[in-house]
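Structure data (PDB, C-alpha atoms and all ligand atoms) from work-v7.pdb:
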```pdb
MODEL        1
ATOM      1  CA  MET A   1       0.000   0.000   0.000  1.00  0.00           C
ATOM      2  CA  THR A   2       1.412   3.353  -0.995  1.00  0.00           C
ATOM      3  CA  HIS A   3       1.450   6.485   1.109  1.00  0.00           C
ATOM      4  CA  THR A   4       0.046   9.732  -0.298  1.00  0.00           C
ATOM      5  CA  ALA A   5       1.894  12.942   0.529  1.00  0.00           C
ATOM      6  CA  LYS A   6      -0.158  15.416   2.536  1.00  0.00           C
ATOM      7  CA  SER A   7      -0.615  19.042   1.575  1.00  0.00           C
ATOM      8  CA  TYR A   8       0.604  21.697   3.961  1.00  0.00           C
ATOM      9  CA  ASP A   9      -0.046  24.611   1.601  1.00  0.00           C
ATOM     10  CA  HIS A  10      -2.266  26.215   4.238  1.00  0.00           C
ATOM     11  CA  LEU A  11       0.967  27.169   6.024  1.00  0.00           C
ATOM     12  CA  LEU A  12       2.330  29.134   3.059  1.00  0.00           C
ATOM     13  CA  GLY A  13       2.653  32.808   3.871  1.00  0.00           C
ATOM     14  CA  LYS A  14       1.248  32.208   7.336  1.00  0.00           C
ATOM     15  CA  LEU A  15       4.251  31.219   9.434  1.00  0.00           C
ATOM     16  CA  PRO A  16       6.233  34.179  10.722  1.00  0.00           C
ATOM     17  CA  GLY A  17       9.905  33.777   9.911  1.00  0.00           C
ATOM     18  CA  LEU A  18       9.491  31.041   7.288  1.00  0.00           C
ATOM     19  CA  SER A  19       9.016  32.337   3.739  1.00  0.00           C
ATOM     20  CA  GLU A  20       6.877  30.730   1.047  1.00  0.00           C
ATOM     21  CA  ALA A  21      10.037  29.883  -0.905  1.00  0.00           C
ATOM     22  CA  GLN A  22      11.516  28.144   2.135  1.00  0.00           C
ATOM     23  CA  LEU A  23       8.366  26.172   2.859  1.00  0.00           C
ATOM     24  CA  LYS A  24       7.762  25.212  -0.786  1.00  0.00           C
ATOM     25  CA  ALA A  25      11.301  23.860  -1.060  1.00  0.00           C
ATOM     26  CA  HIS A  26      10.774  21.924   2.147  1.00  0.00           C
ATOM     27  CA  PHE A  27       7.435  20.492   0.983  1.00  0.00           C
ATOM     28  CA  GLY A  28       9.126  19.332  -2.225  1.00  0.00           C
ATOM     29  CA  LEU A  29      11.825  17.561  -0.262  1.00  0.00           C
ATOM     30  CA  TYR A  30       9.189  15.863   1.902  1.00  0.00           C
ATOM     31  CA  GLN A  31       7.457  14.663  -1.270  1.00  0.00           C
ATOM     32  CA  GLY A  32      10.749  13.048  -2.254  1.00  0.00           C
ATOM     33  CA  TYR A  33      10.831  10.987   0.945  1.00  0.00           C
ATOM     34  CA  VAL A  34       7.244   9.867   0.371  1.00  0.00           C
ATOM     35  CA  ASN A  35       8.186   8.782  -3.151  1.00  0.00           C
ATOM     36  CA  LYS A  36      11.213   6.878  -1.914  1.00  0.00           C
ATOM     37  CA  MET A  37       9.231   5.168   0.857  1.00  0.00           C
ATOM     38  CA  ASN A  38       6.728   3.976  -1.747  1.00  0.00           C
ATOM     39  CA  GLU A  39       9.482   3.004  -4.176  1.00  0.00           C
ATOM     40  CA  ILE A  40      11.315   0.907  -1.591  1.00  0.00           C
ATOM     41  CA  GLY A  41       8.065  -0.703  -0.445  1.00  0.00           C
ATOM     42  CA  THR A  42       7.176  -1.646  -4.036  1.00  0.00           C
ATOM     43  CA  ASN A  43      10.650  -3.005  -4.729  1.00  0.00           C
ATOM     44  CA  LEU A  44      10.595  -5.111  -1.569  1.00  0.00           C
ATOM     45  CA  GLN A  45       7.442  -6.829  -2.834  1.00  0.00           C
ATOM     46  CA  LYS A  46       9.415  -8.350  -5.686  1.00  0.00           C
ATOM     47  CA  ALA A  47      12.930  -8.389  -4.219  1.00  0.00           C
ATOM     48  CA  ASP A  48      15.307 -11.314  -4.161  1.00  0.00           C
ATOM     49  CA  LEU A  49      15.187 -12.346  -0.517  1.00  0.00           C
ATOM     50  CA  LYS A  50      17.736 -15.154  -0.808  1.00  0.00           C
ATOM     51  CA  THR A  51      20.849 -13.062  -1.368  1.00  0.00           C
ATOM     52  CA  CYS A  52      20.652 -10.744   1.645  1.00  0.00           C
ATOM     53  CA  ASN A  53      24.063 -10.158   3.058  1.00  0.00           C
ATOM     54  CA  TYR A  54      25.847  -8.004   5.621  1.00  0.00           C
ATOM     55  CA  SER A  55      28.423  -6.714   3.100  1.00  0.00           C
ATOM     56  CA  PHE A  56      26.155  -5.950   0.166  1.00  0.00           C
ATOM     57  CA  ALA A  57      23.049  -7.152  -1.571  1.00  0.00           C
ATOM     58  CA  PRO A  58      20.449  -5.014  -3.369  1.00  0.00           C
ATOM     59  CA  THR A  59      17.637  -6.253  -1.131  1.00  0.00           C
ATOM     60  CA  SER A  60      19.745  -5.672   1.981  1.00  0.00           C
ATOM     61  CA  GLU A  61      20.252  -2.067   0.888  1.00  0.00           C
ATOM     62  CA  LEU A  62      16.523  -1.631   0.381  1.00  0.00           C
ATOM     63  CA  LEU A  63      15.937  -2.895   3.911  1.00  0.00           C
ATOM     64  CA  ARG A  64      18.737  -0.746   5.351  1.00  0.00           C
ATOM     65  CA  ARG A  65      17.507   2.438   3.722  1.00  0.00           C
ATOM     66  CA  TYR A  66      13.797   1.954   4.351  1.00  0.00           C
ATOM     67  CA  SER A  67      14.065   3.629   7.759  1.00  0.00           C
ATOM     68  CA  VAL A  68      15.499   6.751   6.086  1.00  0.00           C
ATOM     69  CA  ALA A  69      12.552   7.137   3.721  1.00  0.00           C
ATOM     70  CA  HIS A  70       9.940   6.076   6.284  1.00  0.00           C
ATOM     71  CA  ASN A  71      11.219   8.358   9.036  1.00  0.00           C
ATOM     72  CA  GLY A  72      11.928  11.137   6.526  1.00  0.00           C
ATOM     73  CA  THR A  73       8.259  11.010   5.631  1.00  0.00           C
ATOM     74  CA  LEU A  74       6.730  10.719   9.103  1.00  0.00           C
ATOM     75  CA  LEU A  75       9.059  13.110  10.931  1.00  0.00           C
ATOM     76  CA  HIS A  76       8.271  15.783   8.341  1.00  0.00           C
ATOM     77  CA  GLU A  77       4.521  15.231   8.689  1.00  0.00           C
ATOM     78  CA  LEU A  78       4.745  15.476  12.461  1.00  0.00           C
ATOM     79  CA  TYR A  79       6.883  18.617  12.103  1.00  0.00           C
ATOM     80  CA  PHE A  80       4.604  20.416   9.632  1.00  0.00           C
ATOM     81  CA  GLU A  81       1.614  19.449  11.763  1.00  0.00           C
ATOM     82  CA  ASN A  82       3.154  20.881  14.926  1.00  0.00           C
ATOM     83  CA  LEU A  83       3.803  24.257  13.271  1.00  0.00           C
ATOM     84  CA  SER A  84       1.058  26.841  13.445  1.00  0.00           C
ATOM     85  CA  PRO A  85       0.611  30.542  12.679  1.00  0.00           C
ATOM     86  CA  THR A  86      -1.440  30.679  15.895  1.00  0.00           C
ATOM     87  CA  PRO A  87       0.342  28.249  18.226  1.00  0.00           C
ATOM     88  CA  LYS A  88      -1.509  27.184  21.337  1.00  0.00           C
ATOM     89  CA  PRO A  89       0.195  26.916  24.718  1.00  0.00           C
ATOM     90  CA  VAL A  90       1.023  23.659  26.438  1.00  0.00           C
ATOM     91  CA  GLY A  91      -1.905  21.923  28.153  1.00  0.00           C
ATOM     92  CA  ALA A  92      -2.013  21.353  31.909  1.00  0.00           C
ATOM     93  CA  GLU A  93      -1.455  17.572  31.741  1.00  0.00           C
ATOM     94  CA  LEU A  94       1.580  17.768  29.477  1.00  0.00           C
ATOM     95  CA  LYS A  95       2.963  20.708  31.453  1.00  0.00           C
ATOM     96  CA  GLN A  96       2.777  18.633  34.626  1.00  0.00           C
ATOM     97  CA  ALA A  97       4.584  15.755  32.912  1.00  0.00           C
ATOM     98  CA  ILE A  98       7.229  18.128  31.534  1.00  0.00           C
ATOM     99  CA  ASP A  99       7.860  19.619  34.960  1.00  0.00           C
ATOM    100  CA  GLY A 100       8.152  16.131  36.423  1.00  0.00           C
ATOM    101  CA  ASN A 101      10.541  14.867  33.754  1.00  0.00           C
ATOM    102  CA  PHE A 102      12.618  17.939  32.955  1.00  0.00           C
ATOM    103  CA  GLY A 103      12.123  20.298  35.874  1.00  0.00           C
ATOM    104  CA  SER A 104      10.692  23.095  33.763  1.00  0.00           C
ATOM    105  CA  MET A 105       9.402  24.026  30.345  1.00  0.00           C
ATOM    106  CA  GLU A 106      12.439  26.240  29.901  1.00  0.00           C
ATOM    107  CA  HIS A 107      14.834  23.343  30.468  1.00  0.00           C
ATOM    108  CA  LEU A 108      12.928  21.169  28.002  1.00  0.00           C
ATOM    109  CA  GLN A 109      13.078  23.910  25.356  1.00  0.00           C
ATOM    110  CA  ALA A 110      16.804  24.305  25.973  1.00  0.00           C
ATOM    111  CA  LEU A 111      17.282  20.538  25.525  1.00  0.00           C
ATOM    112  CA  LEU A 112      15.373  20.564  22.229  1.00  0.00           C
ATOM    113  CA  ARG A 113      17.498  23.463  21.045  1.00  0.00           C
ATOM    114  CA  ALA A 114      20.706  21.735  22.145  1.00  0.00           C
ATOM    115  CA  GLY A 115      19.719  18.681  20.114  1.00  0.00           C
ATOM    116  CA  ILE A 116      19.214  20.731  16.976  1.00  0.00           C
ATOM    117  CA  LEU A 117      22.583  22.388  17.474  1.00  0.00           C
ATOM    118  CA  SER A 118      24.251  18.970  17.809  1.00  0.00           C
ATOM    119  CA  GLY A 119      24.221  18.125  14.110  1.00  0.00           C
ATOM    120  CA  HIS A 120      22.090  17.374  11.090  1.00  0.00           C
ATOM    121  CA  GLY A 121      18.847  15.819  12.170  1.00  0.00           C
ATOM    122  CA  TRP A 122      15.892  16.176  14.460  1.00  0.00           C
ATOM    123  CA  SER A 123      15.057  17.010  18.034  1.00  0.00           C
ATOM    124  CA  LEU A 124      12.122  15.046  19.332  1.00  0.00           C
ATOM    125  CA  LEU A 125      10.028  15.162  22.482  1.00  0.00           C
ATOM    126  CA  THR A 126       8.677  11.675  23.007  1.00  0.00           C
ATOM    127  CA  LEU A 127       6.568   9.709  25.450  1.00  0.00           C
ATOM    128  CA  CYS A 128       7.795   6.184  26.156  1.00  0.00           C
ATOM    129  CA  ASN A 129       4.985   3.651  25.848  1.00  0.00           C
ATOM    130  CA  HIS A 130       6.988   1.260  28.028  1.00  0.00           C
ATOM    131  CA  THR A 131       8.015   3.488  30.942  1.00  0.00           C
ATOM    132  CA  GLY A 132       5.653   6.462  30.651  1.00  0.00           C
ATOM    133  CA  ARG A 133       8.638   8.822  30.759  1.00  0.00           C
ATOM    134  CA  LEU A 134       9.169  11.802  28.503  1.00  0.00           C
ATOM    135  CA  SER A 135      12.471  12.062  26.637  1.00  0.00           C
ATOM    136  CA  VAL A 136      14.269  14.484  24.384  1.00  0.00           C
ATOM    137  CA  SER A 137      16.325  12.762  21.736  1.00  0.00           C
ATOM    138  CA  PHE A 138      18.517  13.933  18.894  1.00  0.00           C
ATOM    139  CA  ILE A 139      18.039  11.919  15.713  1.00  0.00           C
ATOM    140  CA  GLU A 140      20.955  12.089  13.290  1.00  0.00           C
ATOM    141  CA  GLU A 141      19.862  12.085   9.668  1.00  0.00           C
ATOM    142  CA  HIS A 142      16.395  10.511   9.959  1.00  0.00           C
ATOM    143  CA  HIS A 143      17.179   7.166  11.463  1.00  0.00           C
ATOM    144  CA  ARG A 144      20.140   7.154  13.829  1.00  0.00           C
ATOM    145  CA  GLY A 145      19.344   7.465  17.512  1.00  0.00           C
ATOM    146  CA  ILE A 146      15.627   6.649  17.458  1.00  0.00           C
ATOM    147  CA  LEU A 147      14.575   5.478  20.921  1.00  0.00           C
ATOM    148  CA  ALA A 148      12.523   2.300  21.123  1.00  0.00           C
ATOM    149  CA  ASP A 149       8.769   2.313  21.783  1.00  0.00           C
ATOM    150  CA  GLN A 150       8.169   6.063  21.718  1.00  0.00           C
ATOM    151  CA  ARG A 151       5.183   8.194  20.804  1.00  0.00           C
ATOM    152  CA  ILE A 152       6.436  11.413  19.195  1.00  0.00           C
ATOM    153  CA  LEU A 153       4.840  14.493  20.740  1.00  0.00           C
ATOM    154  CA  LEU A 154       6.927  17.209  19.076  1.00  0.00           C
ATOM    155  CA  SER A 155       9.179  17.029  16.035  1.00  0.00           C
ATOM    156  CA  VAL A 156      11.700  19.772  15.246  1.00  0.00           C
ATOM    157  CA  ASP A 157      13.549  19.709  11.929  1.00  0.00           C
ATOM    158  CA  GLY A 158      17.162  20.796  12.299  1.00  0.00           C
ATOM    159  CA  TRP A 159      18.353  19.927   8.797  1.00  0.00           C
ATOM    160  CA  GLU A 160      19.871  22.798   6.867  1.00  0.00           C
ATOM    161  CA  HIS A 161      17.225  22.503   4.165  1.00  0.00           C
ATOM    162  CA  ALA A 162      14.648  23.594   6.760  1.00  0.00           C
ATOM    163  CA  TYR A 163      16.140  27.086   7.043  1.00  0.00           C
ATOM    164  CA  MET A 164      18.967  27.745   4.530  1.00  0.00           C
ATOM    165  CA  ILE A 165      16.856  29.816   2.119  1.00  0.00           C
ATOM    166  CA  ASP A 166      15.746  32.181   4.884  1.00  0.00           C
ATOM    167  CA  TYR A 167      18.670  32.085   7.290  1.00  0.00           C
ATOM    168  CA  GLY A 168      21.753  30.824   5.479  1.00  0.00           C
ATOM    169  CA  THR A 169      24.012  29.221   8.051  1.00  0.00           C
ATOM    170  CA  LYS A 170      22.415  31.029  10.992  1.00  0.00           C
ATOM    171  CA  LYS A 171      20.723  28.073  12.590  1.00  0.00           C
ATOM    172  CA  PRO A 172      20.140  29.860  15.930  1.00  0.00           C
ATOM    173  CA  ASP A 173      18.062  32.493  14.109  1.00  0.00           C
ATOM    174  CA  TYR A 174      15.888  29.726  12.651  1.00  0.00           C
ATOM    175  CA  LEU A 175      15.435  28.268  16.120  1.00  0.00           C
ATOM    176  CA  ASN A 176      14.434  31.678  17.468  1.00  0.00           C
ATOM    177  CA  THR A 177      11.685  31.954  14.870  1.00  0.00           C
ATOM    178  CA  LEU A 178      10.512  28.418  15.601  1.00  0.00           C
ATOM    179  CA  ASP A 179       9.808  29.507  19.163  1.00  0.00           C
ATOM    180  CA  LYS A 180       6.969  31.552  17.653  1.00  0.00           C
ATOM    181  CA  THR A 181       5.469  28.763  15.536  1.00  0.00           C
ATOM    182  CA  LEU A 182       5.873  25.499  17.456  1.00  0.00           C
ATOM    183  CA  CYS A 183       2.412  24.556  18.657  1.00  0.00           C
ATOM    184  CA  TRP A 184       2.576  23.068  22.137  1.00  0.00           C
ATOM    185  CA  GLY A 185      -1.176  22.608  21.978  1.00  0.00           C
ATOM    186  CA  THR A 186      -0.620  19.996  19.264  1.00  0.00           C
ATOM    187  CA  ALA A 187       1.987  18.259  21.423  1.00  0.00           C
ATOM    188  CA  SER A 188      -0.514  18.289  24.279  1.00  0.00           C
ATOM    189  CA  GLU A 189      -3.208  16.708  22.094  1.00  0.00           C
ATOM    190  CA  ARG A 190      -0.775  13.970  21.052  1.00  0.00           C
ATOM    191  CA  PHE A 191       0.127  13.432  24.712  1.00  0.00           C
ATOM    192  CA  LEU A 192      -3.511  13.006  25.777  1.00  0.00           C
ATOM    193  CA  LYS A 193      -4.182  10.683  22.855  1.00  0.00           C
ATOM    194  CA  ALA A 194      -1.183   8.548  23.773  1.00  0.00           C
ATOM    195  CA  LYS A 195      -2.065   8.290  27.439  1.00  0.00           C
TER
HETATM  196 FE    FE A 201      13.215  18.634   6.542  1.00  0.00          FE
ENDMDL
END
```
Spell out the structure here as structure tokens.
Amino acid sequence: MTHTAKSYDHLLGKLPGLSEAQLKAHFGLYQGYVNKMNEIGTNLQKADLKTCNYSFAPTSELLRRYSVAHNGTLLHELYFENLSPTPKPVGAELKQAIDGNFGSMEHLQALLRAGILSGHGWSLLTLCNHTGRLSVSFIEEHHRGILADQRILLSVDGWEHAYMIDYGTKKPDYLNTLDKTLCWGTASERFLKAK
């Protein structure tokens, strides 16, 4: 079954600090991950499963790279869906959990920012289905460092393509503008749904 890319055109021209050109380029890149996820899935349906090998085999490479396309698709959808021109504040239940896990909202936000500044990838706020704890994790590329059994509450794209058109190499300026568009209300809804 193939995945259909979602439209986030309603965000164009609406997010302060992120231009239409920046967002359109980003939407196009997201479409590429959707295409690759579908392409790999289709190829795996007819792949030679007898030659898989640690060193190299075409099917092994399809399996190795599937997480890149899959996570590249889903992390972008979660990211675009937790951006808003009118972001809502964190809900009481999630705020209580944040205070319990991180000490304060400010410390959590600093952790998310530190993750983004740690390399090319993503900062995620997640809820562990197994332990019930909240975590901040830094995901290199799209697939390295994913914690097991997590529900993603907030996804922050730290790849250069997310901000280069508007901010060049000034990643901190991009992060400053994200503070105005990250919707903690969406994270709170995901938290309540996961509980
Ligand atoms: Fe991205």
message = Applying 10 Å and all atoms listed in the file, which residues near range 96-109 of chain A remain after dropping the ones on its own chain fewer than 3 positions away? List them as a PyMOL selection string.
response = chain A and resi 90-93+112-115+125+127+132-136+179+191
Please produce an output containing C-alpha atoms for each residue in the selection, written as a PDB file, keeping the file's coordinate frame.
```
ATOM      1  CA  VAL A  90       1.023  23.659  26.438  1.00  0.00           C
ATOM      2  CA  GLY A  91      -1.905  21.923  28.153  1.00  0.00           C
ATOM      3  CA  ALA A  92      -2.013  21.353  31.909  1.00  0.00           C
ATOM      4  CA  GLU A  93      -1.455  17.572  31.741  1.00  0.00           C
ATOM      5  CA  LEU A 112      15.373  20.564  22.229  1.00  0.00           C
ATOM      6  CA  ARG A 113      17.498  23.463  21.045  1.00  0.00           C
ATOM      7  CA  ALA A 114      20.706  21.735  22.145  1.00  0.00           C
ATOM      8  CA  GLY A 115      19.719  18.681  20.114  1.00  0.00           C
ATOM      9  CA  LEU A 125      10.028  15.162  22.482  1.00  0.00           C
ATOM     10  CA  LEU A 127       6.568   9.709  25.450  1.00  0.00           C
ATOM     11  CA  GLY A 132       5.653   6.462  30.651  1.00  0.00           C
ATOM     12  CA  ARG A 133       8.638   8.822  30.759  1.00  0.00           C
ATOM     13  CA  LEU A 134       9.169  11.802  28.503  1.00  0.00           C
ATOM     14  CA  SER A 135      12.471  12.062  26.637  1.00  0.00           C
ATOM     15  CA  VAL A 136      14.269  14.484  24.384  1.00  0.00           C
ATOM     16  CA  ASP A 179       9.808  29.507  19.163  1.00  0.00           C
ATOM     17  CA  PHE A 191       0.127  13.432  24.712  1.00  0.00           C
TER      18      PHE A 191
END
```
request  = Find, counting all atoms listed in the file, the residue in A:Leu23, A:Ala187, A:Cys128, A:Leu63 that gets nearest to ligand FE 201 (chain A).
outcome  = A:Leu23
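Proximity of A:Leu11, A:Ala69, A:Ile165, A:Ala5 to Gly28 in chain A, computed with only C-alpha atoms, is greatest for A:Ala5.
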key: Expansion of the PyMOL selection byres (((not hetatm)) within 8 of (chain A and resi 201)) into residues, as a ChimeraX atom specification   = /A:26,29-30,72,76,157-162
Shell of 12 Å around Asn176 in chain A, only C-alpha atoms, local chain residues under 6 positions omitted, as a PyMOL selection string = chain A and resi 16-18+109-110+113+116+163+167+170+182
